[in-house]
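To start, the structure itself, in structure tokens.
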Amino acid sequence: MDHRTGDGMRERVGALLTRLVESGAEDGLQVAVHLGGEPVVEAAAGPVGPGHDRPFGPDTLVHSFSVGKGFTATLVHVLAERGLLDHDTPIAELWPEFAAHGKERITVRQVLTHTAGVPHLPDRLTRAELCDWDTMCAVVAGLEPRWEPGTASGYHGWTFGWLLGETVRRATGLTPSQALRRYLTEPLGIADELFFGLPASHADRTAPLVEGGWAAWLADLPPDAPFRALVVPNPRLWTTADLANRPEYLVADLPACGTTTARAAARLYAALIGEVDGVRLLSPEWTARAAEPAVTGRDRMLLGHYTKGLGYFLGLPETAGEVTCFGHHGSGGSIAFADRDRGMSFALTRTRLVAPGNRTARLLVDAVRAETP
């Protein structure tokens, strides 16, 4: 990589972060970029929040909600390439209780593509239940599919985590957090920066989230909208700052979500498309299969047209719709992805939760691409 490319990218991104924060449009922001396996941007700007006496920096942890689904998908692929899982194995072969109500043939692949037919949760779940692994696995095992598995795709917002996390636990004997550390974060040297359940010892490194329109957007959804009525039927479990700032939530092992730094998330995606300090998480052939379009069309829960790979969304608006980009965004606007054409990975974490349509992520991606050969 030409070092002038890295210098120009850092300067452009740093200036844009500063403008966004100083204008009052944003609070804490982190951006990290790897190009050709090398870190070229690790930038941060803005306040940490009330009660913190240190600056918001590249090592500040930020809860980024469904950005964590990309970590979960990656973990599943690493285990599958090692022969510990198989995408086409029925989940019930590892988790017999899951077979209830006609779910005996649902496969790992169908969960990765959100075609399993179980995106929903009961509407009376409490926060305490949400944070209890055994309780939630029993809830998910007792669900009845909303459609014939494999025939349609609908975003499995919360259930994605327990479906794949319990499958990982049954296959490896490790909790999702333990498996994440053993197979992904320790080899990459980011074991203290990327988590499902946040260790309590890292609580003081974690920036509180603030509302900036996301909670209001959820509240404005029609009560019968599938996402609101089925995926998040209980407002107490909405993915808002009120939930994410609760210590009992942050420490819970919830593989539908993740707490991370931008630089750790960018490093993980960089290791999917190349080597990072000698570590590559998946073979090129396996990454290509995981990141190829697997499902394209209308999502039954999100009610929009989406292209999905195996656990990743492809062609997100933040990437200008390019389907060679694969990754995941989270409630409120954080995102992490890899750009296979450019050999680039990108991550944005943020403390202000914004409504869909916010331009910050796209502005930053465009600023990076303007400096990419």
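In the structure tokens, the first chain shown is A, the next is B, and so on; residue numbers restart at 1 for each chain, and ligands run from 1 in the order shown.
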
Per residue of range 21-42 of chain A within 9 Å of range 258-261 of chain A, which atom pair is closest and at what distance in Å (one decimal), using only C-alpha atoms, listed by chain and increasing number, as a Markdown table?
| residue | atom | partner | partner_atom | distance |
| --- | --- | --- | --- | --- |
| A:Gln30 | CA | A:Thr261 | CA | 7.5 |
| A:Val31 | CA | A:Thr261 | CA | 8.9 |
| A:Ala32 | CA | A:Thr261 | CA | 8.7 |

Sorted by chain and rising residue number, which residues of range 289-323 of chain A lie within 12 Å of range 133-150 of chain A, and what are their closest atom pairs and distances in Å to one decimal, counting only C-alpha atoms, as CSV?
residue,atom,partner,partner_atom,distance
A:Ala294,CA,A:Gly150,CA,11.6
A:Val295,CA,A:Gly150,CA,10.2
A:Arg300,CA,A:Trp147,CA,10.0
A:Met301,CA,A:Arg146,CA,11.0

Let me see the file: selected residues, all heavy atoms, as an mmCIF file, in the first residue's frame.
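Result file follows (out21.cif):
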data_model
loop_
_atom_site.group_PDB
_atom_site.id
_atom_site.type_symbol
_atom_site.label_atom_id
_atom_site.label_comp_id
_atom_site.auth_asym_id
_atom_site.auth_seq_id
_atom_site.Cartn_x
_atom_site.Cartn_y
_atom_site.Cartn_z
ATOM 1 N N ALA A 294 -27.078 -15.113 -1.331
ATOM 2 C CA ALA A 294 -27.789 -16.362 -1.061
ATOM 3 C C ALA A 294 -29.294 -16.162 -1.129
ATOM 4 O O ALA A 294 -30.031 -17.067 -1.533
ATOM 5 C CB ALA A 294 -27.406 -16.909 0.319
ATOM 6 N N VAL A 295 -29.754 -14.977 -0.733
ATOM 7 C CA VAL A 295 -31.187 -14.649 -0.738
ATOM 8 C C VAL A 295 -31.321 -13.210 -1.213
ATOM 9 O O VAL A 295 -30.625 -12.320 -0.708
ATOM 10 C CB VAL A 295 -31.796 -14.782 0.673
ATOM 11 C CG1 VAL A 295 -33.236 -14.275 0.673
ATOM 12 C CG2 VAL A 295 -31.750 -16.224 1.146
ATOM 13 N N ARG A 300 -39.597 -10.202 4.928
ATOM 14 C CA ARG A 300 -40.929 -10.204 5.530
ATOM 15 C C ARG A 300 -41.029 -9.367 6.796
ATOM 16 O O ARG A 300 -42.129 -8.928 7.160
ATOM 17 C CB ARG A 300 -41.350 -11.639 5.855
ATOM 18 C CG ARG A 300 -41.781 -12.447 4.650
ATOM 19 C CD ARG A 300 -42.576 -13.665 5.082
ATOM 20 N NE ARG A 300 -43.119 -14.388 3.944
ATOM 21 C CZ ARG A 300 -43.983 -15.378 4.056
ATOM 22 N NH1 ARG A 300 -44.405 -15.770 5.251
ATOM 23 N NH2 ARG A 300 -44.430 -16.001 2.981
ATOM 24 N N MET A 301 -39.930 -9.141 7.475
ATOM 25 C CA MET A 301 -39.967 -8.353 8.703
ATOM 26 C C MET A 301 -39.618 -6.887 8.440
ATOM 27 O O MET A 301 -40.220 -5.980 9.014
ATOM 28 C CB MET A 301 -38.992 -8.932 9.734
ATOM 29 C CG MET A 301 -39.324 -10.354 10.187
ATOM 30 S SD MET A 301 -40.932 -10.504 11.010
ATOM 31 C CE MET A 301 -41.910 -11.293 9.719
#

| note | Counting only C-alpha atoms, closest pick from A:Trp286, A:Tyr249, A:Phe227, A:Phe313 relative to Ile335 in chain A is A:Phe313

| For CA of Glu42 in chain A and CA of Ala262 in chain A, the interatomic separation in Å (one decimal) |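 For CA of Glu42 in chain A relative to CA of Ala262 in chain A, the distance reads 7.8 Å.
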
| message | I want to know what sits within 7 Å of Phe56 in chain A, based on only C-alpha atoms, with residues of the same chain fewer than 6 positions away left out; could you give that as a VMD selection string? | response | chain A and resid 28 44 to 48

Restricting it to all heavy atoms, dump the selection as a tab-separated table (two decimals), in the first residue's frame.
chain	number	residue	atom	x	y	z
A	28	GLY	N	-20.05	10.72	20.27
A	28	GLY	CA	-18.82	9.97	20.07
A	28	GLY	C	-18.84	9.16	18.79
A	28	GLY	O	-19.82	8.48	18.47
A	44	ALA	N	-11.01	8.75	16.21
A	44	ALA	CA	-12.13	8.91	17.15
A	44	ALA	C	-12.29	10.39	17.46
A	44	ALA	O	-11.33	11.16	17.43
A	44	ALA	CB	-11.89	8.13	18.43
A	45	ALA	N	-13.53	10.76	17.76
A	45	ALA	CA	-13.81	12.14	18.11
A	45	ALA	C	-15.08	12.18	18.94
A	45	ALA	O	-15.93	11.29	18.84
A	45	ALA	CB	-13.97	13.01	16.86
A	46	GLY	N	-15.20	13.22	19.76
A	46	GLY	CA	-16.42	13.42	20.53
A	46	GLY	C	-16.26	13.07	21.99
A	46	GLY	O	-15.22	12.59	22.43
A	47	PRO	N	-17.33	13.26	22.76
A	47	PRO	CA	-17.30	12.98	24.20
A	47	PRO	C	-17.60	11.52	24.52
A	47	PRO	O	-18.29	10.84	23.76
A	47	PRO	CB	-18.42	13.88	24.74
A	47	PRO	CG	-19.42	13.92	23.61
A	47	PRO	CD	-18.60	13.89	22.34
A	48	VAL	N	-17.07	11.04	25.63
A	48	VAL	CA	-17.43	9.71	26.11
A	48	VAL	C	-18.82	9.75	26.72
A	48	VAL	O	-19.62	8.83	26.52
A	48	VAL	CB	-16.39	9.20	27.13
A	48	VAL	CG1	-16.87	7.91	27.78
A	48	VAL	CG2	-15.05	8.98	26.46

| message | Let's see if you can do this: from backbone DSSP, list all strand (DSSP E) residues in range 201-263 of chain A, as a ChimeraX atom specification. | response | /A:210-212,259-260
